[in-house]
>>> print(open('input-v8.tsv').read())   # TSV, C-alpha atoms
chain	number	residue	atom	x	y	z
E	1	GLU	CA	0.00	0.00	0.00
E	2	GLU	CA	2.78	2.37	0.91
E	3	LEU	CA	4.52	1.50	-2.33
E	4	GLY	CA	1.29	2.22	-4.21
E	5	GLN	CA	0.93	5.52	-2.41
E	6	THR	CA	4.57	6.39	-3.06
E	7	GLN	CA	4.17	5.50	-6.74
E	8	SER	CA	1.00	7.57	-6.88
E	9	GLN	CA	2.82	10.52	-5.25
E	10	TRP	CA	5.75	9.99	-7.58
E	11	HIS	CA	3.40	10.09	-10.64
E	12	GLN	CA	1.74	13.16	-9.20
E	13	THR	CA	5.14	14.77	-8.64
E	14	GLN	CA	6.13	13.76	-12.20
E	15	ASP	CA	2.93	15.39	-13.53
E	16	GLU	CA	3.62	18.53	-11.48
E	17	LEU	CA	7.19	18.51	-12.75
E	18	GLU	CA	5.92	18.26	-16.34
E	19	ASP	CA	3.45	21.08	-15.67
E	20	THR	CA	6.26	23.13	-14.15
E	21	LYS	CA	8.50	22.39	-17.16
E	22	THR	CA	5.69	23.39	-19.51
E	23	GLN	CA	5.13	26.60	-17.54
E	24	LEU	CA	8.89	27.26	-17.49
E	25	HIS	CA	9.01	26.72	-21.25
E	26	GLN	CA	6.09	29.17	-21.70
E	27	VAL	CA	7.78	31.69	-19.40
E	28	ARG	CA	11.02	31.34	-21.41
E	29	GLU	CA	9.12	31.86	-24.66
E	30	GLU	CA	7.36	34.92	-23.21
E	31	LEU	CA	10.70	36.17	-21.91
E	32	GLY	CA	12.20	35.66	-25.36
E	33	GLN	CA	9.31	37.54	-26.95
E	34	THR	CA	9.60	40.28	-24.33
E	35	GLN	CA	13.35	40.55	-24.95
E	36	SER	CA	12.71	40.64	-28.71
E	37	GLN	CA	10.11	43.40	-28.20
E	38	LEU	CA	12.54	45.22	-25.92
E	39	HIS	CA	15.24	45.09	-28.61
E	40	GLN	CA	12.74	46.30	-31.21
E	41	THR	CA	11.61	49.08	-28.86
E	42	GLN	CA	15.24	50.07	-28.21
E	43	ALA	CA	15.90	50.11	-31.96
E	44	VAL	CA	12.81	52.29	-32.52
E	45	LEU	CA	13.88	54.53	-29.63
E	46	GLU	CA	17.35	54.92	-31.12
E	47	GLN	CA	15.76	55.80	-34.49
E	48	LEU	CA	13.51	58.34	-32.78
E	49	GLN	CA	16.46	59.83	-30.90
E	50	THR	CA	18.39	60.10	-34.15
E	51	GLN	CA	15.39	61.75	-35.81
E	52	LEU	CA	15.01	64.04	-32.80
E	53	HIS	CA	18.67	65.11	-33.05
E	54	GLU	CA	18.25	65.69	-36.79
E	55	THR	CA	15.04	67.65	-36.21
E	56	GLU	CA	16.74	69.73	-33.49
E	57	ALA	CA	19.63	70.45	-35.87
E	58	VAL	CA	17.19	71.46	-38.63
E	59	LEU	CA	15.20	73.57	-36.15
E	60	GLU	CA	18.35	75.28	-34.88
E	61	LYS	CA	19.39	76.01	-38.46
E	62	SER	CA	15.89	77.32	-39.22
E	63	VAL	CA	15.96	79.56	-36.13
E	64	THR	CA	19.36	80.91	-37.19
E	65	GLN	CA	18.07	81.53	-40.73
E	66	LEU	CA	14.91	83.16	-39.35
E	67	SER	CA	17.03	85.42	-37.15
E	68	GLN	CA	19.17	86.37	-40.16
E	69	ARG	CA	16.08	86.99	-42.30
E	70	THR	CA	14.58	89.11	-39.53
E	71	GLU	CA	17.77	91.20	-39.36
E	72	GLU	CA	17.80	91.51	-43.17
E	73	LEU	CA	14.13	92.51	-43.12
E	74	GLY	CA	14.86	95.12	-40.46
E	75	ARG	CA	17.71	96.52	-42.56
E	76	SER	CA	15.54	96.45	-45.68
E	77	GLN	CA	12.70	98.23	-43.90
E	78	SER	CA	15.14	100.81	-42.59
E	79	GLN	CA	16.55	101.31	-46.10
E	80	LEU	CA	13.02	101.50	-47.53
E	81	HIS	CA	12.05	104.09	-44.93
E	82	GLN	CA	15.19	106.08	-45.69
E	83	THR	CA	14.55	105.83	-49.44
E	84	GLN	CA	10.94	106.93	-48.96
E	85	GLU	CA	12.12	109.92	-46.93
E	86	GLU	CA	14.69	110.80	-49.61
E	87	LEU	CA	12.02	110.43	-52.30
E	88	GLY	CA	9.65	112.62	-50.30
E	89	ARG	CA	12.40	115.21	-49.93
E	90	LEU	CA	13.06	115.13	-53.69
E	91	HIS	CA	9.35	115.63	-54.40
E	92	ILE	CA	9.17	118.55	-52.01
E	93	GLN	CA	12.34	120.04	-53.56
E	94	GLU	CA	10.70	119.83	-56.99
E	95	ALA	CA	7.48	121.38	-55.67
E	96	ILE	CA	9.42	124.17	-53.96
E	97	ALA	CA	11.48	124.78	-57.10
E	98	ARG	CA	8.22	125.23	-59.07
E	99	GLU	CA	6.88	127.67	-56.44
E	100	THR	CA	9.84	130.02	-56.25
E	101	GLU	CA	13.10	130.81	-57.94
E	102	ASP	CA	14.62	132.50	-54.89
E	103	PRO	CA	17.31	130.15	-53.47
E	104	ASN	CA	16.83	131.55	-49.95
E	105	GLN	CA	13.10	130.84	-50.01
E	106	ARG	CA	13.78	127.37	-51.41
E	107	GLN	CA	16.26	126.68	-48.62
E	108	TYR	CA	13.84	128.02	-46.02
E	109	LYS	CA	10.91	125.92	-47.20
E	110	LEU	CA	13.06	122.77	-47.50
E	111	LEU	CA	14.38	123.23	-43.95
E	112	VAL	CA	10.81	123.66	-42.66
E	113	TRP	CA	9.87	120.44	-44.48
E	114	ASP	CA	12.89	118.69	-42.89
E	115	ALA	CA	11.68	119.98	-39.51
E	116	TRP	CA	8.17	118.62	-40.15
E	117	ASN	CA	9.58	115.26	-41.29
E	118	ALA	CA	11.72	115.03	-38.15
E	119	TYR	CA	8.66	115.88	-36.02
E	120	VAL	CA	6.54	113.20	-37.72
E	121	ASN	CA	9.32	110.65	-37.10
E	122	GLY	CA	9.50	111.61	-33.42
E	123	ASP	CA	12.85	113.42	-33.62
E	124	LYS	CA	11.96	116.73	-31.99
E	125	ARG	CA	15.60	117.74	-31.47
E	126	GLN	CA	16.20	117.51	-35.24
E	127	MET	CA	12.97	119.45	-35.81
E	128	GLN	CA	14.25	122.20	-33.51
E	129	LYS	CA	17.62	122.24	-35.28
E	130	CYS	CA	15.99	122.55	-38.73
E	131	LEU	CA	13.61	125.30	-37.60
E	132	GLN	CA	16.46	127.30	-36.12
E	133	GLU	CA	18.50	126.75	-39.29
E	134	SER	CA	15.54	128.00	-41.38
E	135	LEU	CA	15.78	131.38	-39.62
E	136	LYS	CA	18.90	132.13	-41.66
E	137	SER	CA	16.84	132.18	-44.86
E	138	THR	CA	13.32	133.14	-43.72
E	139	PRO	CA	11.65	135.76	-45.90
E	140	PHE	CA	9.19	136.62	-43.11
E	141	LEU	CA	9.17	138.84	-40.05
E	142	LYS	CA	9.68	137.11	-36.69
E	143	THR	CA	6.02	136.67	-35.79
E	144	GLU	CA	5.15	135.69	-39.37
E	145	THR	CA	7.88	133.05	-39.36
E	146	ALA	CA	6.40	131.11	-36.43
E	147	LEU	CA	2.95	131.29	-38.04
E	148	ASN	CA	4.42	130.16	-41.36
E	149	TRP	CA	6.12	127.20	-39.70
E	150	LEU	CA	2.78	126.13	-38.27
E	151	GLN	CA	0.96	126.63	-41.58
E	152	ASN	CA	3.59	124.55	-43.38
E	153	PHE	CA	3.33	121.76	-40.78
E	154	VAL	CA	-0.46	121.70	-41.30
E	155	GLN	CA	-0.05	121.69	-45.08
E	156	PHE	CA	2.66	118.98	-45.13
E	157	SER	CA	0.58	116.80	-42.80
E	158	ALA	CA	-2.50	117.16	-45.00
E	159	ASN	CA	-0.49	116.36	-48.16
E	160	GLN	CA	0.96	113.21	-46.55
E	161	ASP	CA	-2.29	112.09	-44.82
E	162	GLU	CA	-0.59	112.41	-41.43
E	163	LYS	CA	-2.61	113.18	-38.31
E	164	PHE	CA	-1.48	116.48	-36.88
E	165	ASP	CA	-2.30	118.13	-33.58
E	166	PRO	CA	-1.07	121.74	-33.59
E	167	SER	CA	-1.43	122.10	-29.80
E	168	CYS	CA	0.78	119.04	-29.26
E	169	LEU	CA	3.44	120.65	-31.45
E	170	THR	CA	3.22	124.13	-29.95
E	171	ASN	CA	3.29	122.78	-26.38
E	172	SER	CA	6.51	120.85	-27.00
E	173	ALA	CA	9.66	122.24	-25.40
E	174	GLU	CA	11.53	122.09	-28.72
E	175	TRP	CA	8.91	124.22	-30.50
E	176	GLN	CA	8.84	126.77	-27.70
E	177	HIS	CA	12.64	126.89	-27.67
E	178	SER	CA	12.62	127.51	-31.46
E	179	VAL	CA	10.06	130.30	-31.07
E	180	ARG	CA	12.24	131.88	-28.37
E	181	TRP	CA	15.06	131.90	-30.93
E	182	LEU	CA	12.90	134.24	-32.97
E	183	GLN	CA	13.26	136.81	-30.19
E	184	LYS	CA	17.05	136.90	-30.57
E	185	PRO	CA	18.51	139.73	-32.63
E	186	LYS	CA	19.11	138.62	-36.18
E	187	ILE	CA	21.81	139.91	-38.48
E	188	ARG	CA	21.05	139.39	-42.13
E	189	VAL	CA	23.68	139.76	-44.79
E	190	LEU	CA	22.27	140.90	-48.08
E	191	ASN	CA	23.88	139.60	-51.23
E	192	GLN	CA	25.00	142.34	-53.50
E	193	ILE	CA	25.00	141.91	-57.24
E	194	TYR	CA	27.91	143.55	-58.99
>>> encode(input="input-v8.tsv", output="structure tokens")
Amino acid sequence: EELGQTQSQWHQTQDELEDTKTQLHQVREELGQTQSQLHQTQAVLEQLQTQLHETEAVLEKSVTQLSQRTEELGRSQSQLHQTQEELGRLHIQEAIARETEDPNQRQYKLLVWDAWNAYVNGDKRQMQKCLQESLKSTPFLKTETALNWLQNFVQFSANQDEKFDPSCLTNSAEWQHSVRWLQKPKIRVLNQIY
């Protein structure tokens, strides 16, 4: 009986051993599949990292190019603005030349236009400098000169479709300083024709 029981236990142990071997075999297969998937995943990850590095390099190059293009655009816009100002100045010179033949009056009107242009571009110091320079060739009396400056600013603004607020101009320190210059004694040298 004991032998029968032992044999029965031995068969049972053999069956369990076979089951365990089968399970071990399945686990090894799953492990092999998992390792294969891991290798595939690592390969895909390496590819993605390579692509990421390439994309970062392309992006960095694009950012550099964009920065260069932005600088070039800024320079081009600055040149365009300068060219437009020069063209505007040439047009005003032609218009002034048609209005008068007197070189002093031409110089005066052009300096007043330069002053207006500086004012429109936010350079009030340059405006002041041009207005004071225009006093050397003004054909008007002192009080008329300040009024003429203002009239020209209104006219230039209307011609160029620029918004213009006379009180903003006349309240500026640079305008008031230029008007005070009108109060200074002026010595005019008259050209003599021989």
>>> atom_distance(input="input-v8.tsv", atom1="atom CA of Leu87 of chain E", atom2="atom CA of Glu133 of chain E")
21.9 Å
>>> residues_around(input="input-v8.tsv", residues="Ser172 of chain E", least_positions_apart="6", cutoff="12 Å", atoms="all atoms listed in the file", output="PyMOL selection string")
chain E and resi 119+122-125+127-128+165-166+178-179
>>> closest_residue(input="input-v8.tsv", among="E:Asp161, E:Thr143, E:Phe156, E:His81", to="Gln183 of chain E", atoms="only C-alpha atoms")
E:Thr143
>>> residues_around(input="input-v8.tsv", residues="segment 113-117 of chain E", least_positions_apart="4", cutoff="6 Å", atoms="only C-alpha atoms", output="list in words")
Met127, Cys130, Leu131 and Phe153 of chain E
>>> closest_residue(input="input-v8.tsv", among="E:Val44, E:Val63, E:Leu147, E:Ala118", to="Glu174 of chain E", atoms="only C-alpha atoms")
E:Ala118
>>> atom_distance(input="input-v8.tsv", atom1="atom CA of Gln93 of chain E", atom2="atom CA of Ala146 of chain E")
21.2 Å
>>> atom_distance(input="input-v8.tsv", atom1="atom CA of Ala97 of chain E", atom2="atom CA of Asn152 of chain E")
15.8 Å
>>> residues_around(input="input-v8.tsv", residues="Gln160 of chain E", least_positions_apart="2", cutoff="12 Å", atoms="all atoms listed in the file", output="list in words")
Glu85, Gly88, His91, Ile92, Trp113, Trp116, Asn117, Val120, Phe153, Val154, Gln155, Phe156, Ser157, Ala158, Glu162, Lys163 and Phe164 of chain E
>>> residues_around(input="input-v8.tsv", residues="Tyr108 of chain E", least_positions_apart="2", cutoff="8 Å", atoms="all atoms listed in the file", output="PyMOL selection string")
chain E and resi 104-106+110-112+134-138
